[in-house]
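Enquirer: Before we start, here is the structure in question, set down as structure tokens.
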Number of protein chains: 2
Amino acid sequence: MDRDPPLYFQHHVFCCTNERPAGHKRGCCKNRGGEKLRNYMKARAKELGLAGVRINSSGCLDRCELGPSMVIYPEGVWYSVRSIEDVDEILRTHLVEGGRVERLMMPPRPADAAD
Amino acid sequence: MDRDPPLYFQHHVFCCTNERPAGHKRGCCKNRGGEKLRNYMKARAKELGLAGVRINSSGCLDRCELGPSMVIYPEGVWYSVRSIEDVDEILRTHLVEGGRVERLMMPPRPADAAD
């Protein structure tokens with residue numbers, strides 16, 4: 001709303017690090033490498049001295065099949081991030097340059113999806 | 001950006017459940033009750049059948065002194081949430097009615113704050 005305070009973080013990144021039991025049908029971001037990727041992203045963002053950027057871990061973001069999942073707010077852009085190189089590209093293109101890494105963006109919610 | 005996909009969740013709530021060792025000078029949201037409040041909020045949101053709302057846990061949101069901390073995106077509104085009654089008010093006023101619970105909103109970042 002118009003009177004909301006200014007953003008506390010200019011870009012707030014949430015990286016799913018949720019772990020499910022082995023064999024769960026949806027899998028989990030932790031077993032897909034989410035925690036390692038989050039740790040790298042946090043350390044690298046610090047090295048780069050990115051102002052106004054926060055890299056957080058989060059619980060299950062419910063897009064497990066597309067994970068490791070990351071979402072960046074307030075823009076609400078979701079990424080499937082599978083490697084250190086993917087993280088580097090998001091840091092550079094999205095967080096430094098303000099663009100989008102289109103090849104890593106998750107597809108929109110299907111029109112018939114349940115909540 | 002104009003061509004970003006539609007929001008996947010209309011309101012995405014992150015509740016800090018981070019735990020620090022006892023005696024840490026900043027304290028932590030878990031010891032202030034953050035996990036219990038998050039669990040209640042998630043269950044109650046489900047009971048209410050809120051469409052397009054996701055209640056997540058998160059790692060440290062770095063506003064520990066004001067916690068238990070919650071932030072709701074894409075609007076970027078931060079709340080200090082100390083009781084079940086506070087959670088109920090945020091569910092009703094913010095997530096159902098689209099308003100703000102001004103008495104629980106965190107203050108803006110000070111102009112001289114470091115990142």
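Each chain of the structure tokens is named A, B, ... in the order shown, its residues numbered from 1; ligands are numbered from 1 in display order.
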Can you check which residues of chain B have any atom within 9 Å of chain A? Use only C-alpha atoms and format it as a ChimeraX atom specification.

Expert: /B:1,4-9,14,16,50-54,56-62,73-78,99-100,107-109,114-115

Enquirer: If we count only C-alpha atoms and set the cut-off at 9 Å, which residues sit around Lys30 of chain B, ignoring sequence neighbours fewer than 3 positions away in its own chain? Please answer as a PDB file with C-alpha atoms, in the first residue's frame.

Expert:
ATOM      1  CA  CYS B  16      11.904 -16.662  11.571  1.00  0.00           C
ATOM      2  CA  THR B  17      12.486 -19.838  13.556  1.00  0.00           C
ATOM      3  CA  ASN B  18      16.241 -19.408  13.897  1.00  0.00           C
ATOM      4  CA  GLU B  19      17.876 -20.734  17.051  1.00  0.00           C
ATOM      5  CA  ARG B  20      21.070 -19.392  18.574  1.00  0.00           C
ATOM      6  CA  GLY B  27      18.882 -13.610  21.296  1.00  0.00           C
ATOM      7  CA  GLY B  33       8.525 -18.340  20.579  1.00  0.00           C
ATOM      8  CA  GLY B  34       8.899 -17.981  16.821  1.00  0.00           C
ATOM      9  CA  GLU B  35       8.502 -21.648  16.015  1.00  0.00           C
ATOM     10  CA  LYS B  36       5.320 -22.068  18.025  1.00  0.00           C
ATOM     11  CA  PRO B  68       9.796 -13.004  16.770  1.00  0.00           C
TER      12      PRO B  68
END

Enquirer: Could you give me, as a PyMOL selection string, each residue of segment 21-91 of chain B that DSSP assigns to alpha helix (DSSP H) when run on this structure's backbone?

Expert: chain B and resi 34-48+84-89

Enquirer: Could you check which of B:Arg63, B:Arg3, B:Lys25, B:Arg92 is closest to Met41 of chain B, using only C-alpha atoms?

Expert: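 Checking each candidate against Met41 of chain B, we get B:Arg92 as the closest.
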
Enquirer: Would you give me, as a ChimeraX atom specification, the residues in segment 11-115 of chain B that DSSP reads as strand (DSSP E or B)?

Expert: /B:11-16,53-58,69-73,77-80,105

Enquirer: Pick from A:Cys28, A:His11, A:Tyr40, A:Glu65: nearest to Val87 of chain A, with only C-alpha atoms counted?

Expert: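 Among the listed residues, the smallest separation from Val87 of chain A belongs to A:Tyr40.
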